[in-house]
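S.K.: File follows, run14.txt with compact mmCIF, C-alpha atoms:
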```
# COMPACT_ATOMS: atom_id res chain seq x y z
CA MET A 1 31.42 21.67 -9.64
CA ALA A 2 33.64 18.76 -10.70
CA THR A 3 33.04 16.22 -13.44
CA ILE A 4 33.46 12.54 -12.67
CA ASP A 5 36.81 11.11 -13.74
CA HIS A 6 36.26 8.19 -16.14
CA ARG A 7 38.78 6.11 -14.21
CA LEU A 8 36.21 5.82 -11.42
CA LEU A 9 33.86 3.80 -13.64
CA PRO A 10 35.22 0.34 -12.68
CA LEU A 11 34.61 1.11 -9.01
CA ILE A 12 31.11 2.36 -9.76
CA ASP A 13 30.48 -0.84 -11.77
CA VAL A 14 31.62 -2.98 -8.85
CA LEU A 15 29.41 -1.11 -6.38
CA ALA A 16 26.42 -1.59 -8.66
CA ALA A 17 27.22 -5.27 -9.24
CA THR A 18 27.45 -5.96 -5.50
CA GLU A 19 24.14 -4.20 -4.71
CA ALA A 20 26.05 -1.41 -2.99
CA ASP A 21 24.94 1.11 -5.58
CA TRP A 22 23.78 3.42 -2.78
CA ILE A 23 27.46 4.00 -1.96
CA ALA A 24 28.09 4.86 -5.62
CA PHE A 25 25.24 7.38 -5.61
CA GLU A 26 26.55 9.02 -2.43
CA MET A 27 30.09 9.10 -3.77
CA ILE A 28 29.11 10.71 -7.07
CA GLU A 29 27.00 13.32 -5.30
CA GLU A 30 29.83 14.25 -2.96
CA LEU A 31 32.31 14.46 -5.83
CA ARG A 32 29.88 16.62 -7.78
CA VAL A 33 29.61 19.09 -4.90
CA GLY A 34 33.22 19.02 -3.74
CA ARG A 35 34.60 19.82 -0.30
CA VAL A 36 32.18 22.13 1.47
CA PRO A 37 33.43 24.43 4.26
CA GLU A 38 31.99 23.24 7.54
CA GLU A 39 31.08 24.58 10.96
CA THR A 40 33.92 23.98 13.38
CA ALA A 41 33.63 21.50 16.23
CA GLU A 42 34.12 24.38 18.66
CA ASP A 43 31.25 26.39 17.18
CA LEU A 44 28.93 23.40 17.31
CA GLN A 45 29.85 22.70 20.90
CA ASN A 46 29.21 26.34 21.81
CA VAL A 47 25.74 26.12 20.30
CA GLN A 48 25.01 22.92 22.23
CA LEU A 49 25.98 24.63 25.47
CA LEU A 50 23.93 27.71 24.62
CA VAL A 51 20.85 25.60 23.91
CA ARG A 52 21.26 23.82 27.24
CA SER A 53 21.70 27.10 29.10
CA ARG A 54 18.42 28.35 27.59
CA LYS A 55 20.01 31.70 26.98
CA SER A 56 19.65 33.62 23.77
CA GLU A 57 22.52 35.16 21.95
CA LYS A 58 21.67 38.39 20.16
CA ARG A 59 19.73 37.40 17.10
CA TRP A 60 20.43 40.27 14.78
CA SER A 61 23.82 41.58 13.97
CA GLU A 62 24.65 44.91 12.40
CA GLU A 63 27.66 43.27 10.83
CA PRO A 64 27.07 42.20 7.25
CA ALA A 65 26.40 38.43 7.05
CA THR A 66 29.52 36.45 6.18
CA PRO A 67 29.06 34.94 2.74
CA SER A 68 29.37 31.19 2.69
CA PRO A 69 32.73 30.20 1.20
CA GLY A 70 32.48 28.13 -1.95
CA ALA A 71 33.12 24.40 -2.23
CA GLU A 72 36.56 23.17 -3.25
CA PRO A 73 36.35 20.78 -6.21
CA ILE A 74 37.98 17.34 -6.13
CA THR A 75 39.44 16.64 -9.55
CA GLY A 76 41.60 14.27 -11.58
CA VAL A 77 43.54 11.51 -9.91
CA GLU A 78 42.66 12.90 -6.50
CA GLN A 79 39.13 11.64 -7.15
CA ILE A 80 40.42 8.07 -7.36
CA HIS A 81 42.13 8.16 -3.96
CA TRP A 82 39.26 10.13 -2.44
CA ALA A 83 36.77 7.52 -3.72
CA ALA A 84 38.83 4.56 -2.43
CA ASN A 85 39.02 6.23 0.96
CA TYR A 86 35.31 7.09 0.88
CA VAL A 87 34.21 3.50 0.22
CA THR A 88 36.54 2.16 2.91
CA LYS A 89 35.34 4.64 5.52
CA ARG A 90 31.65 4.34 4.59
CA VAL A 91 31.64 0.55 4.91
CA SER A 92 33.89 0.55 8.00
CA ASP A 93 31.72 3.12 9.78
CA VAL A 94 28.47 1.29 9.20
CA VAL A 95 29.89 -2.10 10.17
CA ALA A 96 31.38 -0.57 13.35
CA MET A 97 28.04 1.04 14.20
CA LEU A 98 26.26 -2.27 13.64
CA ASP A 99 28.72 -4.03 15.94
CA ALA A 100 28.31 -1.29 18.58
CA THR A 101 24.53 -1.54 18.24
CA PHE A 102 24.63 -5.27 19.03
CA LYS A 103 26.77 -4.61 22.08
CA GLN A 104 24.32 -1.94 23.22
CA LEU A 105 21.28 -4.15 22.60
CA ASP A 106 22.87 -7.04 24.47
CA THR A 107 23.79 -4.75 27.36
CA ILE A 108 20.12 -3.84 27.68
CA LEU A 109 18.94 -7.44 27.27
CA PHE A 110 21.28 -8.98 29.79
CA ALA A 111 21.06 -6.17 32.34
CA GLU A 112 17.62 -7.52 33.20
CA VAL A 113 19.23 -10.75 34.30
CA LEU A 114 21.36 -8.89 36.79
CA LEU A 115 18.23 -7.46 38.38
CA GLU A 116 16.83 -10.95 39.00
CA PRO A 117 17.85 -13.09 41.95
CA ARG A 118 20.80 -15.28 41.02
CA ASP A 119 18.87 -18.56 41.29
CA THR A 120 16.34 -17.48 38.66
CA ILE A 121 18.92 -17.05 35.95
CA SER A 122 18.39 -19.41 33.04
CA PRO A 123 21.11 -21.66 31.63
CA PRO A 124 24.21 -19.93 30.22
CA LEU A 125 23.30 -17.24 27.78
CA THR A 126 25.40 -17.38 24.70
CA ASN A 127 23.25 -15.66 22.11
CA GLY A 128 22.04 -12.11 22.20
CA ILE A 129 19.68 -10.16 20.02
CA THR A 130 19.02 -10.83 16.37
CA LEU A 131 18.28 -7.65 14.52
CA VAL A 132 15.61 -7.76 11.84
CA VAL A 133 15.58 -4.80 9.52
CA GLN A 134 12.61 -4.60 7.23
CA ALA A 135 13.53 -3.31 3.80
CA ASP A 136 11.54 -0.97 1.62
CA GLN A 137 9.53 -3.67 -0.09
CA GLU A 138 8.71 -5.30 3.26
CA GLU A 139 11.45 -7.87 2.75
CA GLN A 140 13.22 -8.66 5.97
CA ALA A 141 16.95 -8.94 6.44
CA SER A 142 18.15 -10.56 9.64
CA VAL A 143 21.59 -9.95 11.02
CA ASP A 144 23.16 -11.07 14.28
CA ARG A 145 26.33 -10.30 16.15
CA GLU A 146 28.23 -13.11 14.46
CA ASN A 147 27.42 -11.67 11.02
CA ALA A 148 28.68 -8.27 12.14
CA ALA A 149 31.88 -9.85 13.44
CA ILE A 150 32.48 -11.63 10.11
CA ALA A 151 32.02 -8.34 8.28
CA GLN A 152 34.50 -6.69 10.66
CA THR A 153 37.16 -9.27 9.79
CA MET A 154 36.76 -8.46 6.08
CA LEU A 155 37.40 -4.73 6.47
CA PRO A 156 41.23 -4.86 6.25
CA THR A 157 40.87 -6.91 3.05
CA LEU A 158 38.56 -4.30 1.55
CA ARG A 159 40.86 -1.49 2.63
CA GLY A 160 43.90 -3.20 1.06
CA ALA A 161 42.05 -4.02 -2.16
CA LEU A 162 40.89 -0.41 -2.57
CA VAL A 163 44.36 1.01 -1.91
CA ASN A 164 45.88 -1.39 -4.47
CA TRP A 165 43.23 -0.51 -7.02
CA ALA A 166 43.67 3.25 -6.51
CA ASP A 167 47.46 2.92 -6.81
CA SER A 168 47.12 0.93 -10.02
CA VAL A 169 44.87 3.41 -11.79
CA MET B 1 42.75 -5.38 -8.79
CA ILE B 2 39.14 -4.23 -8.96
CA ASN B 3 38.05 -7.89 -8.70
CA ASN B 4 39.54 -8.01 -5.20
CA VAL B 5 37.45 -4.99 -4.26
CA GLN B 6 34.36 -6.77 -5.58
CA SER B 7 35.14 -9.94 -3.61
CA ALA B 8 35.64 -8.02 -0.38
CA ILE B 9 32.42 -6.03 -0.76
CA ASN B 10 30.53 -9.21 -1.63
CA ALA B 11 31.84 -10.90 1.50
CA ILE B 12 30.84 -8.00 3.73
CA LEU B 13 27.39 -7.54 2.23
CA GLY B 14 26.93 -11.30 2.24
CA SER B 15 27.26 -11.22 6.02
CA VAL B 16 25.24 -8.05 6.53
CA ALA B 17 22.44 -8.31 3.98
CA THR B 18 20.87 -5.19 5.47
CA LEU B 19 23.50 -3.19 3.61
CA ARG B 20 22.18 -4.33 0.23
CA SER B 21 19.24 -2.01 0.80
CA ALA B 22 19.70 1.69 0.10
CA SER B 23 18.19 2.60 3.46
CA GLY B 24 19.96 -0.14 5.44
CA ALA B 25 22.91 1.99 6.52
CA GLY B 26 20.61 4.80 7.65
CA ARG B 27 18.61 2.39 9.77
CA ILE B 28 21.72 1.05 11.43
CA PHE B 29 22.74 4.65 12.16
CA GLU B 30 19.39 5.37 13.83
CA LEU B 31 19.51 2.18 15.87
CA PHE B 32 23.07 2.92 16.94
CA ILE B 33 21.92 6.25 18.40
CA MET B 34 18.72 4.83 19.88
CA THR B 35 20.52 2.02 21.71
CA GLY B 36 23.34 4.37 22.72
CA VAL B 37 20.87 6.68 24.43
CA ALA B 38 19.32 3.66 26.18
CA ASN B 39 22.76 2.55 27.41
CA GLY B 40 23.36 6.09 28.67
CA LEU B 41 20.18 5.80 30.72
CA GLN B 42 21.27 2.43 32.09
CA ASN B 43 24.53 3.99 33.20
CA ARG B 44 22.51 6.56 35.11
CA GLY B 45 20.63 3.84 36.96
CA PHE B 46 17.45 3.70 34.87
CA GLU B 47 15.79 0.36 34.29
CA VAL B 48 15.78 -0.19 30.52
CA TRP B 49 14.14 -2.96 28.52
CA LEU B 50 13.62 -4.11 24.93
CA GLN B 51 9.97 -4.35 24.00
CA ARG B 52 8.17 -6.07 21.13
CA SER B 53 5.47 -4.35 19.11
CA ASP B 54 2.77 -6.22 21.06
CA GLY B 55 4.02 -4.59 24.27
CA SER B 56 5.76 -7.68 25.70
CA ARG B 57 9.34 -7.49 26.94
CA ILE B 58 12.19 -9.39 25.30
CA SER B 59 13.84 -11.49 27.96
CA PRO B 60 17.32 -13.08 27.74
CA SER B 61 15.77 -16.53 28.20
CA ASP B 62 13.18 -16.11 25.43
CA PRO B 63 13.75 -18.36 22.42
CA ASP B 64 12.75 -15.45 20.18
CA ARG B 65 15.06 -12.50 20.84
CA ARG B 66 14.51 -10.58 17.64
CA PHE B 67 14.49 -6.79 17.68
CA PHE B 68 12.55 -5.47 14.70
CA GLN B 69 13.31 -2.19 13.08
CA ARG B 70 10.60 -0.44 11.12
CA GLY B 71 10.15 -1.37 7.48
CA GLY B 72 8.93 0.29 4.34
CA ALA B 73 7.36 3.70 4.42
CA PRO B 74 7.16 5.24 7.90
CA THR B 75 3.91 4.57 9.73
CA GLY B 76 2.30 5.07 13.10
CA VAL B 77 2.26 2.61 15.98
CA PRO B 78 0.85 -0.78 14.94
CA SER B 79 -1.87 -2.49 16.94
CA ALA B 80 -0.62 -5.08 19.45
CA SER B 81 -3.12 -7.51 17.93
CA LEU B 82 -0.97 -7.64 14.78
CA GLY B 83 1.64 -9.55 16.78
CA PRO B 84 5.21 -9.02 17.88
CA GLN B 85 6.82 -8.73 14.45
CA ASN B 86 6.41 -5.01 13.87
CA ALA B 87 8.82 -2.35 15.06
CA SER B 88 10.26 -2.96 18.53
CA VAL B 89 10.82 -0.15 21.02
CA ILE B 90 12.98 0.47 24.07
CA GLY B 91 11.25 1.17 27.38
CA PHE B 92 12.69 2.78 30.47
CA ARG B 93 11.81 4.06 33.92
CA ARG B 94 13.71 5.61 36.76
CA ALA B 95 12.61 3.03 39.31
CA SER B 96 9.86 0.57 40.00
CA GLY B 97 6.56 2.46 40.16
CA ALA B 98 7.99 5.56 38.42
CA ALA B 99 6.65 7.00 35.17
CA GLU B 100 7.51 4.80 32.19
CA TRP B 101 8.74 6.03 28.82
CA GLU B 102 9.38 4.57 25.39
CA ILE B 103 12.05 5.33 22.80
CA TRP B 104 10.64 4.99 19.31
CA ASN B 105 12.36 4.81 15.97
CA GLY B 106 10.88 6.12 12.73
CA ILE B 107 7.32 6.72 13.91
CA GLN B 108 5.08 9.25 12.20
CA PHE B 109 3.35 11.85 14.35
CA GLN B 110 0.31 13.77 13.26
CA GLY B 111 0.84 17.49 13.14
CA ARG B 112 -1.66 20.29 13.69
CA SER B 113 -1.90 20.72 9.93
CA GLY B 114 -3.05 17.13 9.54
CA ALA B 115 0.23 16.20 7.84
CA ASN B 116 2.28 13.31 9.16
CA ASP B 117 5.78 14.14 10.36
CA GLU B 118 8.30 11.37 10.91
CA ILE B 119 10.59 11.65 13.91
CA ASP B 120 13.63 9.39 13.64
CA ILE B 121 14.09 8.93 17.38
CA ALA B 122 11.36 10.01 19.77
CA VAL B 123 10.89 9.68 23.52
CA VAL B 124 7.25 9.59 24.59
CA PRO B 125 5.33 8.66 27.74
CA ARG B 126 4.66 4.90 27.69
CA GLU B 127 0.99 5.69 28.20
CA VAL B 128 0.91 7.06 24.64
CA GLY B 129 2.28 3.75 23.34
CA ILE B 130 -0.12 1.66 25.43
CA GLN B 131 -3.10 3.61 24.13
CA LEU B 132 -1.98 3.43 20.52
CA ARG B 133 -1.23 -0.30 20.65
CA GLN B 134 -4.87 -0.98 21.51
CA SER B 135 -5.94 -0.39 17.94
CA GLY B 136 -2.96 1.20 16.17
CA GLY B 137 -2.59 4.77 15.01
CA LEU B 138 -0.54 7.93 15.01
CA PRO B 139 0.40 9.99 18.05
CA SER B 140 -0.49 13.68 17.95
CA GLY B 141 1.70 16.40 19.38
CA ARG B 142 5.38 16.56 20.06
CA PRO B 143 7.68 13.99 21.67
CA ARG B 144 9.72 15.13 24.68
CA VAL B 145 12.91 14.12 22.89
CA ALA B 146 13.16 14.39 19.09
CA ILE B 147 16.33 13.46 17.22
CA GLU B 148 16.68 13.83 13.48
CA CYS B 149 19.29 11.32 12.26
CA LYS B 150 21.22 12.12 9.10
CA ASP B 151 23.40 9.36 7.71
CA ALA B 152 24.01 11.36 4.52
CA GLY B 153 27.56 11.84 3.31
CA GLN B 154 27.26 15.52 2.50
CA ALA B 155 27.54 18.16 5.18
CA GLY B 156 24.18 19.25 6.61
CA SER B 157 22.73 22.39 5.10
CA VAL B 158 20.69 25.18 6.61
CA ASP B 159 17.73 23.79 4.65
CA GLU B 160 18.03 20.52 6.55
CA MET B 161 17.77 22.51 9.77
CA ARG B 162 14.77 24.45 8.43
CA ALA B 163 12.97 21.21 7.57
CA PHE B 164 13.39 19.93 11.12
CA VAL B 165 12.26 23.25 12.62
CA ALA B 166 9.14 23.13 10.39
CA ARG B 167 8.38 19.57 11.46
CA LEU B 168 8.62 20.44 15.15
CA TYR B 169 6.53 23.58 14.58
CA ASP B 170 3.76 21.47 13.04
CA LEU B 171 3.87 19.04 15.98
CA THR B 172 3.79 21.67 18.70
CA MET B 173 0.45 22.09 20.44
CA LEU B 174 0.14 25.29 22.44
CA ARG B 175 -2.66 26.32 24.82
CA TRP B 176 -4.16 28.77 22.37
CA HIS B 177 -4.42 26.05 19.70
CA GLN B 178 -6.99 24.21 21.79
CA PRO B 179 -10.13 25.65 20.10
CA TYR B 180 -8.80 24.48 16.73
CA LEU B 181 -7.88 20.94 17.78
CA PRO B 182 -10.10 17.92 18.50
CA PHE B 183 -8.93 17.60 22.11
CA PRO B 184 -10.68 18.84 25.25
CA ALA B 185 -9.20 21.53 27.50
CA PRO B 186 -6.77 21.63 29.16
CA LEU B 187 -4.65 20.78 26.13
CA GLN B 188 -1.72 18.37 26.51
CA ALA B 189 1.55 18.45 24.58
CA ILE B 190 1.02 14.91 23.31
CA TYR B 191 -1.84 12.43 22.72
CA PRO B 192 -3.36 9.90 23.19
CA GLY B 193 -3.41 9.34 26.94
CA ASN B 194 -4.67 11.31 29.86
CA PHE B 195 -2.01 12.88 32.03
CA GLY B 196 -4.45 14.72 34.29
CA ALA B 197 -3.24 18.15 35.21
CA ALA B 198 0.44 17.20 35.46
CA PRO B 199 2.26 20.37 34.31
CA PHE B 200 5.04 18.49 32.57
CA TYR B 201 2.63 17.08 29.98
CA ALA B 202 0.55 20.25 29.59
CA ALA B 203 0.59 22.35 26.43
CA ARG B 204 2.70 25.46 26.93
CA ALA B 205 1.99 29.08 26.11
CA THR B 206 4.68 29.78 23.51
CA TYR B 207 6.81 27.97 20.95
CA ARG B 208 9.88 29.16 22.77
CA GLN B 209 8.77 27.50 26.00
CA GLU B 210 8.04 24.24 24.17
CA ASN B 211 11.34 24.37 22.27
CA GLN B 212 13.25 24.91 25.47
CA GLY B 213 11.18 22.42 27.45
CA THR B 214 12.03 19.53 25.12
CA PHE B 215 15.28 18.02 23.85
CA ASN B 216 15.77 18.43 20.12
CA ALA B 217 18.83 17.50 18.09
CA ILE B 218 20.09 16.81 14.61
CA ALA B 219 22.62 13.99 14.72
CA ARG B 220 24.82 13.62 11.63
CA ARG B 221 27.37 11.02 10.61
CA THR B 222 29.24 13.82 8.91
CA GLY B 223 29.48 17.56 9.59
CA PHE B 224 27.40 20.69 9.13
CA ALA B 225 28.03 23.08 6.26
CA PHE B 226 29.20 26.55 7.23
CA GLY B 227 26.16 28.61 8.27
CA ALA B 228 23.94 25.62 9.08
CA ALA B 229 24.16 26.17 12.83
CA ALA B 230 22.86 29.74 12.62
CA MET B 231 19.28 29.01 13.61
CA THR B 232 19.94 26.15 16.01
CA ASN B 233 20.20 28.14 19.23
CA TYR B 234 17.11 30.23 18.57
CA TYR B 235 14.99 27.09 18.02
CA ALA B 236 16.78 25.09 20.75
CA ILE B 237 18.05 22.39 18.42
CA GLU B 238 21.43 20.91 19.28
CA PRO B 239 23.64 20.18 16.26
CA HIS B 240 25.74 17.01 16.73
CA SER B 241 28.24 16.05 14.04
CA PHE B 242 30.51 13.05 13.33
CA ILE B 243 28.37 10.53 15.14
CA THR B 244 30.10 7.21 14.54
CA ALA B 245 31.00 4.22 16.69
CA GLY B 246 33.69 5.16 19.18
CA SER B 247 33.73 8.89 18.40
CA ASN B 248 33.83 11.42 21.25
CA GLN B 249 30.99 13.25 19.53
CA ALA B 250 28.78 10.13 19.69
CA ALA B 251 29.52 9.69 23.39
CA SER B 252 28.75 13.36 23.95
CA LEU B 253 25.37 13.09 22.16
CA MET B 254 24.28 9.97 24.07
CA ASP B 255 25.34 11.58 27.33
CA ALA B 256 23.54 14.85 26.56
CA VAL B 257 20.25 13.05 25.85
CA ALA B 258 20.53 10.80 28.90
CA GLU B 259 21.42 13.75 31.11
CA TRP B 260 18.45 15.77 29.86
CA ILE B 261 16.09 12.84 30.45
CA ASP B 262 17.53 12.27 33.92
CA LYS B 263 17.14 15.94 34.79
CA GLU B 264 13.82 16.81 33.15
CA LEU B 265 11.54 13.78 32.83
CA PRO B 266 9.25 13.00 35.78
```
As structure tokens - that is how I would like this structure written.

M.R.:
Amino acid sequence: MATIDHRLLPLIDVLAATEADWIAFEMIEELRVGRVPEETAEDLQNVQLLVRSRKSEKRWSEEPATPSPGAEPITGVEQIHWAANYVTKRVSDVVAMLDATFKQLDTILFAEVLLEPRDTISPPLTNGITLVVQADQEEQASVDRENAAIAQTMLPTLRGALVNWADSV
Amino acid sequence: MINNVQSAINAILGSVATLRSASGAGRIFELFIMTGVANGLQNRGFEVWLQRSDGSRISPSDPDRRFFQRGGAPTGVPSASLGPQNASVIGFRRASGAAEWEIWNGIQFQGRSGANDEIDIAVVPREVGIQLRQSGGLPSGRPRVAIECKDAGQAGSVDEMRAFVARLYDLTMLRWHQPYLPFPAPLQAIYPGNFGAAPFYAARATYRQENQGTFNAIARRTGFAFGAAAMTNYYAIEPHSFITAGSNQAASLMDAVAEWIDKELP
């Protein structure tokens, strides 16, 4: 189990100051555990196919169970580059999923129009769905496709800033 | 240098305020999967619609086209009389006049034990939703599709799988449970609603039959730790990893759910 490199503290401070402390918590937890050996994509796909086939593999093996390999710690300066990459990927992934969600919601919304006779279609439709996510304390945060697009445009800036910071540490 | 990082994060979170909440990213993940499954159904020719919490459809020409995602602690289905500003759902049917279904996000189901078990993404007969929206409440029994969404960074553990198996176990209503449950015979797999004697909705004889007669999956943004997939086949739970926008794995998950629905649902 690794200890947190003190040079990560400025990044953790920034995440807390920008109300993205949840990323800091995730990052610290992952660093604490290290790189865990994972099931391979092929094994997972095999299980999916087995489930769909409704066939059972033998459940008990006479072979001794394979012990789970231990986690590989992430230490020293590697933590800095790992953390910069983690923040970039975490934010990029969620923004990309938000953007994809809007596309998917709009596809559902506007598909209805295609089912209607042409002459019943309303004036040009420029705006799609606004997503309202209710937060834990019942506060509501609204976000629309334009917001997601703005966030997308900022991703290269974030990526560049994190790379520069990691290189400077 | 670090100031530039702060400015960039501020700009992104300023546009997407949802991400200032600890659970915001997880909710986006769930909605991404939910809408992806719905798109998969559209591609297979199903009619799909967005539906407010009062049961009305969201139309492209409506001035209010807000889709609400559940807030706060997970709850049951709110009463329609509370208005349209509670959690929205996605409805679908194969064709006009065919059985209608709803895709729910983050709804609690009541288990046989009396405990409430949240299912991140559930597919249920629309009749269940219609009945519950009359006065609000929790469904009992097991949805026909149950997807556990894990937006966590760490690889999924075997304990995560166990927790999902336990939740589904508590929600499963089998024929021989009938004397111990407050529902008349013949027992159904899910309540409320009356599905007559239609075999598809009937409680089954064994857990194995119910596990194999429903679609169950754990969908993760990251991977599964070595050993976590060991019990998945036995309990008929599909493990899906690296679900992110544009990934082959995400497309495969959406397609698997849509295909199962197309093949199995009446």

S.K.: Per residue of chain B within 7 Å of chain A, note the shortest atom pair and the distance in Å to one decimal, counting all atoms listed in the file, and order the rows by chain and increasing residue number, as a tab-separated table.

M.R.:
```
residue	atom	partner	partner_atom	distance
B:Met1	CA	A:Trp165	CA	5.2
B:Ile2	CA	A:Trp165	CA	5.9
B:Asn4	CA	A:Ala161	CA	5.6
B:Val5	CA	A:Ala161	CA	5.1
B:Gln6	CA	A:Val14	CA	5.7
B:Ala8	CA	A:Leu158	CA	5.1
B:Ile9	CA	A:Leu158	CA	6.8
B:Asn10	CA	A:Thr18	CA	5.9
B:Ile12	CA	A:Ala151	CA	4.7
B:Ser15	CA	A:Asn147	CA	5.0
B:Val16	CA	A:Val143	CA	6.1
B:Ala17	CA	A:Ala141	CA	6.0
B:Thr18	CA	A:Ala141	CA	5.5
B:Arg20	CA	A:Glu19	CA	5.3
B:Ser21	CA	A:Ala135	CA	6.6
B:Ala22	CA	A:Trp22	CA	5.3
B:Ala25	CA	A:Val94	CA	6.2
B:Ile28	CA	A:Leu98	CA	6.0
B:Phe29	CA	A:Met97	CA	6.7
B:Leu31	CA	A:Thr101	CA	6.7
B:Phe32	CA	A:Thr101	CA	4.9
B:Thr35	CA	A:Gln104	CA	5.7
B:Gly36	CA	A:Gln104	CA	6.4
B:Asn39	CA	A:Gln104	CA	6.3
B:Val48	CA	A:Ile108	CA	6.3
B:Trp49	CA	A:Ile108	CA	6.1
B:Leu50	CA	A:Leu109	CA	6.7
B:Ser59	CA	A:Leu109	CA	6.5
B:Pro60	CA	A:Leu109	CA	5.9
B:Ser61	CA	A:Ser122	CA	6.2
B:Arg65	CA	A:Ile129	CA	5.2
B:Arg66	CA	A:Thr130	CA	4.7
B:Phe67	CA	A:Leu131	CA	5.0
B:Phe68	CA	A:Val132	CA	4.8
B:Gln69	CA	A:Val133	CA	5.0
B:Arg70	CA	A:Gln134	CA	6.0
B:Gly71	CA	A:Gln134	CA	4.1
B:Gly72	CA	A:Asp136	CA	4.0
B:Ala73	CA	A:Asp136	CA	6.9
B:Gly153	CA	A:Glu26	CA	6.5
B:Gln154	CA	A:Glu30	CA	6.2
B:Gln212	CA	A:Arg54	CA	6.6
B:Gly223	CA	A:Glu38	CA	6.5
B:Phe224	CA	A:Glu38	CA	5.5
B:Ala225	CA	A:Glu38	CA	4.2
B:Phe226	CA	A:Glu38	CA	4.3
B:Gly227	CA	A:Glu39	CA	6.9
B:Asn233	CA	A:Val51	CA	5.4
B:Tyr234	CA	A:Ser56	CA	6.7
B:Ala236	CA	A:Val51	CA	5.2
B:Ile237	CA	A:Val51	CA	6.9
B:Glu238	CA	A:Gln48	CA	5.1
B:Pro239	CA	A:Leu44	CA	6.3
B:Thr244	CA	A:Asp93	CA	6.5
B:Ala245	CA	A:Met97	CA	5.0
```

S.K.: Hey, can you check how far CA of Gly196 in chain B sits from CA of Arg94 in chain B?

M.R.: 20.5 Å

S.K.: Could you check how far CA of Asp255 in chain B sits from CA of Ser241 in chain B, in Å to one decimal?

M.R.: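 Between CA of Asp255 in chain B and CA of Ser241 in chain B the gap works out to 14.3 Å.
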
S.K.: For each of B:Asp159, B:Glu259, B:Asp151, B:Asp117, take the minimum atom-to-atom distance to Pro139 in chain B, counting all atoms listed in the file, then give the residue where this is smallest.

M.R.: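 Answer, going by the shortest atom-to-atom distance: B:Asp117.
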
S.K.: Please compute the CA of Ala230 in chain B-CA of Phe215 in chain B distance, one decimal, in Å.

M.R.: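 Between these atoms lies a distance of 17.9 Å.
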
S.K.: Need the shell around Phe92 in chain B: protein/DNA/RNA residues with any atom at most 7 Å away, counting all atoms listed in the file. Skip same-chain ones fewer than 4 positions apart. Format as a count of residues only?

M.R.: 7

S.K.: (20.3, 11.6, 39.0) in this file's frame - what residues fall within 12 Å of it? Use all atoms listed in the file and give the answer as a VMD selection string.

M.R.: chain B and resid 41 to 46 94 to 95 258 to 266
